[in-house]
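**Q** Input structure: my_file.txt, which contains compact mmCIF, C-alpha atoms and all ligand atoms.
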# COMPACT_ATOMS: atom_id res chain seq x y z
CA MET A 92 0.00 0.00 0.00
CA PRO A 93 1.24 3.50 -0.76
CA SER A 94 2.58 5.63 2.05
CA SER A 95 0.83 8.77 0.83
CA LYS A 96 -0.29 10.89 3.77
CA ARG A 97 -3.21 12.39 1.91
CA GLU A 98 -6.65 10.86 1.90
CA ARG A 99 -6.32 9.13 -1.43
CA GLY A 100 -5.46 5.71 -2.60
CA LEU A 101 -4.55 3.54 -5.51
CA HIS A 102 -7.70 4.15 -7.50
CA GLU A 103 -7.39 7.90 -7.43
CA LEU A 104 -3.63 7.86 -7.99
CA TYR A 105 -3.96 5.50 -10.92
CA ARG A 106 -6.61 7.69 -12.47
CA GLU A 107 -4.58 10.85 -12.16
CA ASP A 108 -1.03 9.78 -12.68
CA PRO A 109 -0.45 6.09 -13.32
CA GLU A 110 3.32 6.35 -13.53
CA ARG A 111 3.62 8.10 -10.22
CA ALA A 112 1.13 5.68 -8.72
CA GLN A 113 3.23 2.72 -9.79
CA ALA A 114 6.41 4.29 -8.55
CA LEU A 115 4.79 5.08 -5.24
CA VAL A 116 3.21 1.72 -4.78
CA PHE A 117 5.87 -0.64 -5.91
CA GLY A 118 9.00 1.37 -6.53
CA ARG A 119 10.39 1.35 -10.04
CA ARG A 120 12.50 -1.79 -9.84
CA SER A 121 10.11 -4.02 -7.98
CA PHE A 122 7.14 -2.87 -10.01
CA LEU A 123 6.47 -6.14 -11.79
CA ALA A 124 6.79 -8.21 -8.64
CA GLY A 125 4.48 -5.81 -6.82
CA ILE A 126 1.86 -5.64 -9.51
CA SER A 127 1.81 -9.43 -9.78
CA ALA A 128 1.14 -9.65 -6.08
CA VAL A 129 -1.80 -7.25 -6.32
CA LEU A 130 -3.24 -8.95 -9.40
CA GLY A 131 -2.70 -12.35 -7.84
CA ALA A 132 -0.98 -13.60 -10.99
CA GLU A 133 2.26 -13.20 -12.85
CA VAL A 134 2.18 -10.59 -15.61
CA VAL A 135 3.16 -13.07 -18.32
CA PHE A 136 4.58 -10.65 -20.86
CA GLY A 137 5.64 -8.24 -18.14
CA ARG A 138 8.88 -7.27 -19.82
CA PHE A 139 6.84 -5.76 -22.67
CA MET A 140 4.51 -3.85 -20.38
CA PRO A 141 4.90 -0.11 -21.06
CA ALA A 142 5.83 1.98 -18.04
CA GLY A 143 2.83 3.98 -16.93
CA LEU A 144 0.25 1.59 -18.35
CA ILE A 145 -2.68 1.11 -15.98
CA PRO A 146 -3.20 -2.60 -15.59
CA ALA A 147 -6.72 -3.11 -16.90
CA ALA A 148 -7.61 -5.10 -13.82
CA LEU A 149 -6.94 -2.06 -11.67
CA ALA A 150 -8.42 0.48 -14.06
CA GLU A 151 -11.69 -1.25 -14.82
CA SER A 152 -12.81 -3.16 -11.81
CA THR A 153 -12.64 -3.28 -8.09
CA GLU A 154 -11.68 -6.97 -8.21
CA PRO A 155 -8.19 -6.53 -6.78
CA PHE A 156 -9.79 -4.61 -3.97
CA LEU A 157 -12.42 -7.07 -2.86
CA ILE A 158 -13.14 -6.09 0.71
CA PRO A 159 -13.10 -8.94 3.21
CA GLY A 160 -16.66 -9.67 4.35
CA LYS A 161 -18.22 -7.36 1.74
CA ASP A 162 -20.38 -7.85 -1.35
CA PRO A 163 -18.30 -7.44 -4.54
CA GLY A 164 -20.98 -5.05 -5.80
CA LEU A 165 -19.91 -2.32 -3.38
CA VAL A 166 -18.19 0.57 -5.16
CA VAL A 167 -14.77 1.47 -3.80
CA LEU A 168 -14.27 5.25 -3.67
CA ASN A 169 -10.89 5.12 -2.01
CA ASP A 170 -8.70 2.39 -0.62
CA ARG A 171 -6.52 4.45 1.69
CA PRO A 172 -8.42 4.87 3.85
CA LEU A 173 -10.99 2.37 2.64
CA ASN A 174 -14.30 3.89 1.60
CA ALA A 175 -16.97 1.96 -0.27
CA GLU A 176 -20.63 2.64 -1.01
CA THR A 177 -23.60 0.45 -1.87
CA PRO A 178 -25.49 0.86 -5.17
CA PRO A 179 -29.24 1.44 -4.58
CA HIS A 180 -30.38 -1.92 -5.97
CA LEU A 181 -28.16 -3.70 -3.43
CA LEU A 182 -29.96 -1.86 -0.62
CA ASP A 183 -33.32 -3.42 -1.50
CA ASP A 184 -33.61 -5.56 1.67
CA PRO A 185 -35.67 -4.04 4.51
CA VAL A 186 -32.82 -5.06 6.85
CA THR A 187 -29.43 -4.29 5.31
CA PRO A 188 -27.22 -7.40 5.19
CA ALA A 189 -23.85 -6.86 6.90
CA ASP A 190 -21.93 -7.46 3.70
CA ARG A 191 -23.85 -4.66 1.99
CA LEU A 192 -23.35 -1.99 4.63
CA PHE A 193 -21.11 0.83 3.35
CA VAL A 194 -17.64 1.42 4.77
CA ARG A 195 -16.27 4.79 5.76
CA ASN A 196 -12.84 4.61 7.35
CA ASN A 197 -10.85 7.71 8.26
CA GLY A 198 -7.73 5.75 9.17
CA ILE A 199 -6.45 2.19 9.25
CA PRO A 200 -8.64 -0.28 11.18
CA PRO A 201 -7.19 -2.73 13.67
CA LEU A 202 -7.11 -5.76 11.41
CA ALA A 203 -6.26 -8.53 13.86
CA VAL A 204 -8.68 -8.19 16.74
CA ASP A 205 -8.92 -10.57 19.67
CA ALA A 206 -12.45 -9.98 20.91
CA SER A 207 -11.82 -11.93 24.13
CA GLN A 208 -9.19 -9.34 25.12
CA TRP A 209 -11.20 -6.29 24.08
CA ALA A 210 -12.08 -3.75 26.74
CA LEU A 211 -13.95 -0.46 26.89
CA THR A 212 -12.90 2.17 29.42
CA ILE A 213 -15.30 4.91 30.47
CA GLY A 214 -14.21 8.01 32.32
CA GLY A 215 -13.87 11.72 31.75
CA GLU A 216 -14.25 14.85 33.86
CA SER A 217 -18.01 14.39 34.19
CA ALA A 218 -17.87 10.68 35.08
CA LYS A 219 -18.13 9.75 38.77
CA SER A 220 -15.69 6.86 38.32
CA VAL A 221 -13.43 5.24 35.76
CA ARG A 222 -14.58 1.77 34.78
CA ARG A 223 -13.21 -0.84 32.45
CA TYR A 224 -15.50 -3.43 30.85
CA THR A 225 -14.45 -6.41 28.80
CA LEU A 226 -16.80 -7.52 26.07
CA ALA A 227 -17.84 -10.39 28.34
CA ASP A 228 -18.62 -7.91 31.17
CA LEU A 229 -20.88 -5.90 28.88
CA LYS A 230 -22.72 -9.02 27.74
CA GLN A 231 -23.15 -10.41 31.28
CA ARG A 232 -23.80 -7.32 33.36
CA PHE A 233 -26.25 -5.40 31.19
CA LYS A 234 -29.43 -6.27 29.38
CA THR A 235 -29.01 -6.91 25.66
CA HIS A 236 -31.14 -4.91 23.19
CA SER A 237 -31.57 -5.05 19.42
CA TYR A 238 -32.76 -2.23 17.17
CA GLN A 239 -32.74 -1.57 13.49
CA LEU A 240 -30.95 1.78 13.24
CA THR A 241 -30.27 3.87 10.16
CA LEU A 242 -26.61 4.74 9.68
CA GLU A 243 -25.85 7.43 7.10
CA CYS A 244 -22.62 9.28 6.51
CA GLY A 245 -23.05 13.07 6.80
CA GLY A 246 -21.35 13.33 3.39
CA ASN A 247 -23.70 10.94 1.57
CA GLY A 248 -24.66 12.65 -1.72
CA ARG A 249 -21.60 14.93 -1.69
CA SER A 250 -20.80 14.21 -5.36
CA GLU A 251 -23.70 16.41 -6.49
CA PHE A 252 -22.59 19.68 -4.90
CA ASN A 253 -21.49 22.53 -7.11
CA PRO A 254 -18.94 23.97 -6.69
CA PRO A 255 -17.64 20.52 -5.74
CA ALA A 256 -16.68 19.75 -2.17
CA ARG A 257 -13.54 17.76 -1.47
CA GLY A 258 -13.80 14.44 0.30
CA ASN A 259 -15.25 11.09 -0.70
CA GLN A 260 -17.54 11.61 -3.67
CA TRP A 261 -20.43 9.59 -2.26
CA THR A 262 -23.42 9.27 -4.57
CA THR A 263 -26.36 7.69 -2.72
CA GLY A 264 -24.85 4.63 -1.06
CA ALA A 265 -23.35 5.75 2.26
CA VAL A 266 -26.42 4.55 4.11
CA GLY A 267 -27.84 1.32 5.50
CA CYS A 268 -30.13 0.02 8.19
CA PRO A 269 -29.08 -3.29 9.72
CA ARG A 270 -30.25 -4.70 13.03
CA TRP A 271 -27.75 -3.87 15.75
CA THR A 272 -27.35 -5.78 18.99
CA GLY A 273 -25.62 -4.57 22.10
CA VAL A 274 -26.24 -2.82 25.38
CA ARG A 275 -27.73 0.58 25.97
CA LEU A 276 -25.08 3.25 26.36
CA ARG A 277 -27.22 4.79 29.11
CA ASP A 278 -27.20 1.58 31.19
CA VAL A 279 -23.40 1.52 31.13
CA LEU A 280 -23.14 5.27 31.75
CA LYS A 281 -25.40 4.89 34.80
CA ASP A 282 -23.12 2.14 36.10
CA VAL A 283 -20.13 4.48 35.80
CA GLY A 284 -22.08 7.41 37.25
CA VAL A 285 -22.65 10.64 35.37
CA LYS A 286 -22.23 14.00 37.11
CA ASP A 287 -24.88 16.69 36.79
CA ASP A 288 -22.57 18.90 34.73
CA ALA A 289 -22.20 16.34 31.91
CA VAL A 290 -23.07 17.76 28.49
CA TYR A 291 -21.46 15.47 25.90
CA ILE A 292 -19.81 12.10 25.39
CA GLY A 293 -16.77 11.57 23.14
CA TYR A 294 -15.49 8.27 21.74
CA TYR A 295 -12.04 6.87 20.97
CA GLY A 296 -11.36 3.87 18.73
CA ALA A 297 -8.47 1.51 18.03
CA ASP A 298 -7.82 2.56 14.43
CA THR A 299 -4.51 4.20 13.53
CA HIS A 300 -3.81 7.45 11.76
CA LEU A 301 -2.88 7.31 8.07
CA SER A 302 0.48 8.87 8.89
CA GLY A 303 1.29 5.85 11.05
CA ASP A 304 1.93 8.20 13.98
CA PRO A 305 0.57 6.30 17.02
CA SER A 306 0.13 9.54 18.98
CA LYS A 307 -2.39 10.89 16.46
CA VAL A 308 -6.09 10.19 16.97
CA VAL A 309 -7.93 9.42 13.70
CA ILE A 310 -11.34 10.72 14.68
CA SER A 311 -13.01 11.29 18.04
CA ARG A 312 -16.54 12.59 17.89
CA GLY A 313 -19.61 12.21 20.05
CA VAL A 314 -23.10 13.36 20.88
CA PRO A 315 -24.82 15.52 23.50
CA ILE A 316 -25.71 13.65 26.68
CA ALA A 317 -29.45 13.71 25.80
CA LYS A 318 -28.84 11.68 22.63
CA ALA A 319 -26.45 9.38 24.49
CA MET A 320 -29.20 8.63 27.04
CA GLN A 321 -31.88 7.65 24.50
CA LYS A 322 -32.89 4.02 24.71
CA GLN A 323 -31.90 3.28 21.09
CA SER A 324 -28.32 4.53 21.58
CA LEU A 325 -26.26 1.35 21.63
CA ILE A 326 -22.82 -0.01 22.33
CA ALA A 327 -23.10 -2.80 19.78
CA TRP A 328 -21.17 -5.98 19.04
CA ALA A 329 -23.39 -7.59 16.42
CA ILE A 330 -25.07 -6.83 13.11
CA ASN A 331 -28.04 -9.01 12.18
CA GLY A 332 -27.17 -11.45 14.95
CA GLU A 333 -23.54 -11.98 13.95
CA ASP A 334 -20.17 -10.43 14.71
CA MET A 335 -19.86 -7.31 12.61
CA PRO A 336 -17.48 -7.10 9.66
CA ILE A 337 -14.06 -5.82 10.71
CA HIS A 338 -14.50 -2.67 8.60
CA ASN A 339 -17.76 -1.81 10.36
CA GLY A 340 -16.15 -1.76 13.80
CA HIS A 341 -15.64 -5.32 15.06
CA PRO A 342 -15.70 -6.12 17.92
CA LEU A 343 -17.45 -3.07 19.45
CA ARG A 344 -18.90 0.23 18.27
CA LEU A 345 -21.37 2.95 19.09
CA VAL A 346 -24.56 3.33 17.05
CA PHE A 347 -26.57 6.55 17.08
CA GLY A 348 -29.38 6.07 14.57
CA GLY A 349 -30.45 9.12 12.57
CA TRP A 350 -27.36 11.19 13.31
CA PRO A 351 -24.30 11.59 11.08
CA ALA A 352 -22.65 8.16 11.16
CA SER A 353 -19.39 9.85 12.17
CA THR A 354 -20.85 9.96 15.70
CA SER A 355 -21.02 6.14 15.73
CA GLY A 356 -17.46 5.36 16.82
CA LYS A 357 -16.01 2.07 15.55
CA TRP A 358 -13.46 -0.24 17.25
CA LEU A 359 -14.57 1.44 20.46
CA THR A 360 -12.02 1.44 23.31
CA ARG A 361 -12.87 4.52 25.35
CA ILE A 362 -15.73 6.89 26.10
CA SER A 363 -15.19 10.19 27.82
CA VAL A 364 -18.05 11.90 29.64
CA ARG A 365 -17.45 15.59 29.04
CA ASP A 366 -18.45 18.74 30.91
CA ARG A 367 -18.31 20.64 27.60
CA GLU A 368 -18.92 19.98 23.92
CA HIS A 369 -16.46 17.23 23.00
CA ASP A 370 -13.36 18.62 21.28
CA GLY A 371 -11.70 15.55 19.70
CA PRO A 372 -10.36 15.50 16.13
CA LYS A 373 -13.14 16.14 13.55
CA MET A 374 -15.46 17.84 16.05
CA GLY A 375 -14.26 21.33 15.15
CA GLY A 376 -13.55 23.53 12.13
CA TYR A 377 -15.31 22.41 8.97
CA SER A 378 -15.62 18.71 9.85
CA TYR A 379 -19.22 17.49 10.08
CA ARG A 380 -20.34 21.10 10.36
CA VAL A 381 -22.43 23.28 8.06
CA PRO A 382 -22.92 27.04 7.96
CA CYS A 383 -25.37 28.01 10.75
CA GLU A 384 -27.09 30.30 8.23
CA PRO A 385 -27.42 29.55 4.48
CA VAL A 386 -24.54 30.81 2.32
CA VAL A 387 -24.00 31.50 -1.39
CA PRO A 388 -22.49 28.44 -3.15
CA GLY A 389 -18.70 28.64 -3.07
CA ALA A 390 -18.66 31.18 -0.23
CA GLU A 391 -15.82 31.25 2.26
CA VAL A 392 -17.43 30.72 5.62
CA PRO A 393 -15.63 31.81 8.81
CA GLU A 394 -15.10 28.88 11.18
CA GLN A 395 -17.12 30.47 13.95
CA ASP A 396 -20.17 30.53 11.65
CA MET A 397 -20.18 26.73 11.31
CA CYS A 398 -22.59 24.55 13.36
CA ILE A 399 -22.36 20.85 14.26
CA ILE A 400 -24.70 18.57 12.32
CA GLU A 401 -27.13 16.75 14.59
CA SER A 402 -30.23 14.91 13.30
CA MET A 403 -29.98 14.04 9.58
CA PRO A 404 -32.60 15.35 7.10
CA VAL A 405 -35.48 13.40 5.52
CA LYS A 406 -34.43 11.26 2.57
CA SER A 407 -35.44 8.27 0.44
CA LEU A 408 -34.15 5.75 -2.07
CA VAL A 409 -35.71 3.78 -4.90
CA THR A 410 -34.19 0.32 -4.46
CA TYR A 411 -36.37 -1.53 -6.97
CA PRO A 412 -36.22 -1.51 -9.90
CA ARG A 413 -32.59 -0.91 -10.65
CA SER A 414 -32.15 2.25 -12.72
CA GLY A 415 -32.11 1.40 -16.44
CA LEU A 416 -34.86 -1.22 -16.29
CA VAL A 417 -36.51 -2.06 -19.61
CA HIS A 418 -40.19 -2.65 -18.83
CA ARG A 419 -42.95 -4.17 -21.01
CA ALA A 420 -45.71 -1.72 -21.92
CA GLY A 421 -49.15 -2.49 -20.54
CA GLN A 422 -47.91 -4.16 -17.36
CA ASP A 423 -47.89 -2.69 -13.87
CA LEU A 424 -44.54 -2.14 -12.25
CA GLU A 425 -44.08 -2.54 -8.50
CA LEU A 426 -41.74 0.15 -7.19
CA ARG A 427 -40.20 0.07 -3.74
CA GLY A 428 -37.57 1.59 -1.52
CA HIS A 429 -36.88 3.10 1.89
CA ALA A 430 -37.28 6.48 3.54
CA TRP A 431 -35.80 7.84 6.76
CA ALA A 432 -35.68 11.17 8.57
CA GLY A 433 -33.04 11.47 11.29
CA ASP A 434 -34.71 11.74 14.71
CA HIS A 435 -38.12 11.96 13.05
CA SER A 436 -40.19 9.33 11.29
CA VAL A 437 -41.43 9.48 7.70
CA SER A 438 -45.12 10.22 7.19
CA ASP A 439 -45.37 10.23 3.38
CA VAL A 440 -43.53 9.17 0.26
CA ASP A 441 -44.78 10.55 -3.05
CA ILE A 442 -43.82 9.30 -6.48
CA SER A 443 -43.70 11.16 -9.78
CA ILE A 444 -43.08 9.73 -13.26
CA ASP A 445 -43.56 13.07 -15.06
CA PHE A 446 -40.60 15.09 -13.77
CA GLY A 447 -42.47 16.37 -10.76
CA GLN A 448 -45.65 17.65 -12.49
CA THR A 449 -47.87 15.28 -10.55
CA TRP A 450 -47.26 13.15 -7.47
CA ARG A 451 -49.00 10.08 -6.14
CA PRO A 452 -48.73 8.77 -2.59
CA ALA A 453 -46.92 5.47 -2.04
CA ARG A 454 -47.80 3.04 0.72
CA VAL A 455 -45.46 3.68 3.66
CA ARG A 456 -44.84 1.14 6.41
CA LYS A 457 -44.35 2.10 10.05
CA PRO A 458 -40.78 1.77 11.31
CA VAL A 459 -40.03 -1.50 13.17
CA ASN A 460 -38.68 0.73 15.93
CA ARG A 461 -37.77 4.40 16.34
CA LEU A 462 -34.81 5.47 14.13
CA ALA A 463 -35.25 2.60 11.64
CA TRP A 464 -35.82 3.37 7.99
CA GLN A 465 -39.28 2.69 6.56
CA GLN A 466 -40.32 0.75 3.50
CA TRP A 467 -42.46 2.32 0.79
CA SER A 468 -44.03 0.64 -2.21
CA MET A 469 -46.32 1.49 -5.08
CA LYS A 470 -47.74 -0.08 -8.20
CA ILE A 471 -47.44 2.11 -11.23
CA GLU A 472 -48.65 2.07 -14.86
CA PHE A 473 -46.86 3.94 -17.60
CA PRO A 474 -49.19 5.66 -20.12
CA HIS A 475 -47.04 5.21 -23.28
CA LYS A 476 -43.88 3.57 -24.50
CA GLY A 477 -40.78 5.66 -23.96
CA TYR A 478 -38.29 6.98 -21.42
CA TYR A 479 -39.40 7.74 -17.87
CA GLU A 480 -37.82 8.83 -14.66
CA VAL A 481 -39.21 7.69 -11.35
CA TRP A 482 -38.73 10.31 -8.65
CA ALA A 483 -39.32 9.59 -4.96
CA ARG A 484 -39.87 12.35 -2.38
CA ALA A 485 -40.34 11.71 1.32
CA THR A 486 -41.95 13.97 3.93
CA ASP A 487 -41.05 13.70 7.61
CA SER A 488 -43.39 13.72 10.60
CA SER A 489 -42.84 17.46 11.08
CA GLY A 490 -44.03 18.17 7.52
CA ILE A 491 -40.61 18.81 5.97
CA MET A 492 -40.09 17.42 2.46
CA GLN A 493 -37.03 16.39 0.53
CA PRO A 494 -35.95 19.05 -1.97
CA MET A 495 -35.99 18.13 -5.68
CA VAL A 496 -32.63 19.77 -6.31
CA VAL A 497 -29.43 19.76 -4.26
CA PRO A 498 -30.09 21.74 -1.07
CA GLY A 499 -27.98 24.37 0.73
CA TRP A 500 -24.39 24.34 -0.48
CA ASN A 501 -21.84 24.01 2.31
CA PRO A 502 -18.02 23.91 2.23
CA ARG A 503 -17.61 20.16 2.86
CA GLY A 504 -20.67 18.93 1.00
CA TYR A 505 -22.81 17.49 3.78
CA LEU A 506 -26.56 16.79 3.99
CA ASN A 507 -27.52 16.40 0.35
CA ASN A 508 -31.00 14.93 0.66
CA ALA A 509 -32.26 15.70 -2.86
CA THR A 510 -34.81 13.26 -4.32
CA HIS A 511 -33.48 10.04 -5.80
CA ARG A 512 -34.27 9.41 -9.47
CA ILE A 513 -34.11 6.28 -11.55
CA ALA A 514 -34.59 5.67 -15.29
CA VAL A 515 -37.14 3.25 -16.74
CA LYS A 516 -37.60 2.52 -20.46
CA VAL A 517 -41.02 1.22 -21.44
CA VAL A 518 -41.03 -0.81 -24.66
N1 LIG B 601 -12.98 4.77 15.08
C1 LIG B 601 -13.63 5.24 14.00
N2 LIG B 601 -14.97 5.37 14.04
C2 LIG B 601 -15.64 5.82 12.96
C3 LIG B 601 -14.94 6.21 11.78
C4 LIG B 601 -13.53 6.05 11.75
O1 LIG B 601 -12.86 6.33 10.77
N3 LIG B 601 -12.91 5.56 12.89
N4 LIG B 601 -15.66 6.75 10.73
C5 LIG B 601 -16.93 7.38 11.06
C6 LIG B 601 -17.69 7.79 9.90
S1 LIG B 601 -17.28 9.28 9.20
C7 LIG B 601 -18.77 7.08 9.46
S2 LIG B 601 -19.74 7.65 8.16
C8 LIG B 601 -19.12 5.78 10.07
C9 LIG B 601 -19.16 4.70 9.01
O2 LIG B 601 -19.55 3.48 9.54
P1 LIG B 601 -19.42 2.16 8.67
O3 LIG B 601 -18.05 2.13 8.07
O4 LIG B 601 -19.69 1.03 9.57
O5 LIG B 601 -20.46 2.25 7.58
O6 LIG B 601 -18.23 5.38 11.09
C10 LIG B 601 -17.77 6.44 11.92
N5 LIG B 601 -16.99 5.92 13.01
MO MO B 602 -19.00 9.85 7.66
Please express the file's structure as C-alpha cells.

**A**
Amino acid sequence: MPSSKRERGLHELYREDPERAQALVFGRRSFLAGISAVLGAEVVFGRFMPAGLIPAALAESTEPFLIPGKDPGLVVLNDRPLNAETPPHLLDDPVTPADRLFVRNNGIPPLAVDASQWALTIGGESAKSVRRYTLADLKQRFKTHSYQLTLECGGNGRSEFNPPARGNQWTTGAVGCPRWTGVRLRDVLKDVGVKDDAVYIGYYGADTHLSGDPSKVVISRGVPIAKAMQKQSLIAWAINGEDMPIHNGHPLRLVFGGWPASTSGKWLTRISVRDREHDGPKMGGYSYRVPCEPVVPGAEVPEQDMCIIESMPVKSLVTYPRSGLVHRAGQDLELRGHAWAGDHSVSDVDISIDFGQTWRPARVRKPVNRLAWQQWSMKIEFPHKGYYEVWARATDSSGIMQPMVVPGWNPRGYLNNATHRIAVKVV
C-alpha cells in the first residue's frame, strides 16, 4: 500500500497519474513483482509492459480490492483509507445485510482483533468513576437490546454539490439500516455514574492514523448527553445477529441512529463523559459542520459561523427496480424503496413519473422501531412507451419534504437529501 499521507489511494492515484502511482506503490524496480502480487498472478509478458500503463484489472474493476466480508458489488471510492458505497439496488432488503453496509474509514482499522481481550474504558471529567469493561462484562452485566438503526454518513450525496466539495464523492450509497445488537449506552453510563454537569460524550477507537503516527487520533466525535441517554443509543457488538465485519467496527462500536454516522465510533475502546462539547479530532472547524445560516455556493465561511450537524434530514431511495430497467408496456410495475428522517419518522412518500408535475402517494410502512428506515411501495402504470424517470420524495413527521434539487451548499458537501431518481424505459 502506498505511504501517501493524503486521503487518497490507488484508484485515485492511478486515475490521475499512473506512472507516479506505480512508482509510489511498488518502486520502479520491484514494479512487476508488486503488480503481480496485487493482481494475484504473474504478468506473463511483463517485460513488454509499457511503463505507466494502468493494468486493466486495476483500471476497470474493483476486483483486486475485494473487501473482506463485503459484497463485490460495493463501489470502492478510495482504498486508503478504505471507503466503499452500496449501489441502490443492493440496498433493496428491509434489513441491510452486513456485507452490503457501506464502509467509511478515516484511518487504518485494527485488522487482527482478539475480541476476548477487548475492553472499553469509560471516564472523563463528568464521570463519577473510571470503569473498564471487557466484552464479556458488557454481555453479562447489562441487558441486551436489538434495534434496526439507520446509519448514514453526513457526506452521503456529496458528489452532487457545485462547486464541488472535497472528500469522498459519495453518490447515494453511504447509508444502510441493519439490526444492531448490544447494550444501551445509558445503562453503562449509569453504572459508571454521570455528574450533573455532563453535556457530551466523546469516543475513541483503536484505528490508527494514516500517517502511522501512534500519537495521532484518527477521529473522536460524540453526541450531547441527551442523545447518548436515549434508549436506542447502543454499544453494539453484532449486526443481524452476527459479529460485525471488521470494517464496520468489530468487535465493538457505538450506534446513534439518525445522526451523522461519524458519531457512531467504531473499534470502540474509550468513552469520555465531558463537561463541555467534545473537542476531539473532527469535532471542530469544517468537519461534520455546516454554515449556521445559508450561504451563497462557493462562499468562504468563517469557522465560527459553522454549526455541528445533529439529526440528519429526511431522505429516500428507490431500491427496486434498478435504474435502467426495460419494462414491457401495458404491465404494472411494482416500485419500492426506503425512507428515513433522522430523529423523526417518515409520514409520506410521493412518487412522480412526469418530472415532478404530478405526485401520487406510495404506501409507507411504520418503522419497526424508532430510528429505523421505513419501506415504501407502489404499483405504477406507464401511459405510453418511452423513457421515464421515477422520482421519490419523502416527507417527515414534522411536515418537511425532501428538496428536488441539491439543497444548501456548504463547504464540505454534507446533507444532500435531494430526491433520488431512476430511469425506466417502457417498450
Ligand atoms: N474509530 C472510527 N470510528 C468511525 C470512523 C472512523 O474512521 N474511525 N468513521 C466514522 C464515519 S465518518 C462514518 S460515516 C461511520 C461509518 O460506519 P461504517 O463504516 O460502519 O459504515 O463510522 C464512523 N466511526
Ligand atoms: Mo461519515

**Q** Which residues of region 365-469 of chain A have any atom within 12 Å of an atom in region 344-347 of chain A when counting all atoms listed in the file, and what is the closest pair of atoms for each, with the distance in Å to one decimal? Order the rows by chain and rising number and write it as JSON lines.

**A**
{"residue": "A:Glu401", "atom": "CA", "partner": "A:Phe347", "partner_atom": "CA", "distance": 10.5}
{"residue": "A:Ser402", "atom": "CA", "partner": "A:Phe347", "partner_atom": "CA", "distance": 9.9}
{"residue": "A:Met403", "atom": "CA", "partner": "A:Phe347", "partner_atom": "CA", "distance": 11.1}
{"residue": "A:Gly433", "atom": "CA", "partner": "A:Phe347", "partner_atom": "CA", "distance": 10.0}
{"residue": "A:Asp434", "atom": "CA", "partner": "A:Phe347", "partner_atom": "CA", "distance": 9.9}
{"residue": "A:Arg461", "atom": "CA", "partner": "A:Phe347", "partner_atom": "CA", "distance": 11.4}
{"residue": "A:Leu462", "atom": "CA", "partner": "A:Phe347", "partner_atom": "CA", "distance": 8.8}
{"residue": "A:Ala463", "atom": "CA", "partner": "A:Phe347", "partner_atom": "CA", "distance": 11.0}

**Q** Could you please take those selected residues and save C-alpha atoms as a PDB file, keeping the file's coordinate frame?

**A**
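What ended up in result24.pdb:
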ATOM      1  CA  GLU A 401     -27.130  16.750  14.590  1.00  0.00           C
ATOM      2  CA  SER A 402     -30.230  14.910  13.300  1.00  0.00           C
ATOM      3  CA  MET A 403     -29.980  14.040   9.580  1.00  0.00           C
ATOM      4  CA  GLY A 433     -33.040  11.470  11.290  1.00  0.00           C
ATOM      5  CA  ASP A 434     -34.710  11.740  14.710  1.00  0.00           C
ATOM      6  CA  ARG A 461     -37.770   4.400  16.340  1.00  0.00           C
ATOM      7  CA  LEU A 462     -34.810   5.470  14.130  1.00  0.00           C
ATOM      8  CA  ALA A 463     -35.250   2.600  11.640  1.00  0.00           C
TER       9      ALA A 463
END

**Q** Distance atom O2 of ligand LIG 601 (chain B)-CA of Trp431 (chain A), one decimal place?

**A** 17.1 Å

**Q** Can you tell me, as an NGL selection string, what residues are no more than 9 Å from region 318-323 of chain A when counting all atoms listed in the file, ignoring any on the same chain fewer than 5 positions away?

**A** :A and (236-238 or 240 or 275-278 or 280 or 291-292 or 313 or 346-348 or 460-462)

**Q** So that I can check the surroundings of region 172-188 of chain A, please list as a ChimeraX atom specification every protein, DNA and RNA residue that reaches within 9 Å of it, counting all atoms listed in the file and ignoring chain neighbours fewer than 2 positions away.

**A** /A:98-100,158,162,164-170,190-200,239,259,261-270,301,330-331,338,408-414,427-429,464-466

**Q** Residues within 7 Å of ligand MO 602 (chain B) should be enumerated using all atoms listed in the file and returned as a short mmCIF file (atom, residue, chain, number, x, y, z; two decimals) with C-alpha atoms, in the coordinates of the input.

**A**
data_model
loop_
_atom_site.label_atom_id
_atom_site.label_comp_id
_atom_site.auth_asym_id
_atom_site.auth_seq_id
_atom_site.Cartn_x
_atom_site.Cartn_y
_atom_site.Cartn_z
CA ARG A 195 -16.27 4.79 5.76
CA CYS A 244 -22.62 9.28 6.51
CA GLY A 245 -23.05 13.07 6.80
CA GLY A 246 -21.35 13.33 3.39
CA PRO A 351 -24.30 11.59 11.08
CA ALA A 352 -22.65 8.16 11.16
CA SER A 353 -19.39 9.85 12.17
#

**Q** To one decimal place in Å, what is the distance between CA of Pro305 (chain A) and CA of Asn339 (chain A)?

**A**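 Here the two named atoms are 21.1 Å from each other.
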
**Q** Trp358 (chain A): which residues within 8 Å, counting only C-alpha atoms, same-chain residues fewer than 5 positions away excluded, as a PyMOL selection string?

**A** chain A and resi 200-201+296-298+340-344

**Q** Please identify all polymer residues within 9 Å of region 386-396 of chain A, counting all atoms listed in the file, omitting same-chain residues fewer than 6 positions from it, and present them as a list in words.

**A** Phe252, Asn253, Pro254, Pro255, Gly375, Gly376, Tyr377, Gly499, Trp500, Asn501 and Pro502 of chain A

**Q** Please, what distance in Å, to one decimal, runs between atom C9 of ligand LIG 601 (chain B) and CA of Asp366 (chain A)?

**A**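 That distance, rounded to one decimal, is 26.0 Å.
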
**Q** Would you please work out which residue, of A:Asn507, A:Ser378, A:Thr486, A:Gln422, is nearest to ligand LIG 601 (chain B) when using all atoms listed in the file?

**A**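 Between A:Asn507, A:Ser378, A:Thr486, A:Gln422, the residue approaching ligand LIG 601 (chain B) most closely is A:Ser378.
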
**Q** Env of Val221 (chain A): 10 Å cut, atoms = all atoms listed in the file, seq-sep filter 3 positions within chain, self excluded. Answer as an mmCIF file with C-alpha atoms, in the frame of the given file.

**A**
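Resulting contents of result_21.cif:
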data_model
loop_
_atom_site.group_PDB
_atom_site.id
_atom_site.type_symbol
_atom_site.label_atom_id
_atom_site.label_comp_id
_atom_site.auth_asym_id
_atom_site.auth_seq_id
_atom_site.Cartn_x
_atom_site.Cartn_y
_atom_site.Cartn_z
ATOM 1 C CA THR A 212 -12.900 2.170 29.420
ATOM 2 C CA ILE A 213 -15.300 4.910 30.470
ATOM 3 C CA GLY A 214 -14.210 8.010 32.320
ATOM 4 C CA GLY A 215 -13.870 11.720 31.750
ATOM 5 C CA GLU A 216 -14.250 14.850 33.860
ATOM 6 C CA ALA A 218 -17.870 10.680 35.080
ATOM 7 C CA VAL A 283 -20.130 4.480 35.800
ATOM 8 C CA GLY A 284 -22.080 7.410 37.250
ATOM 9 C CA SER A 363 -15.190 10.190 27.820
#
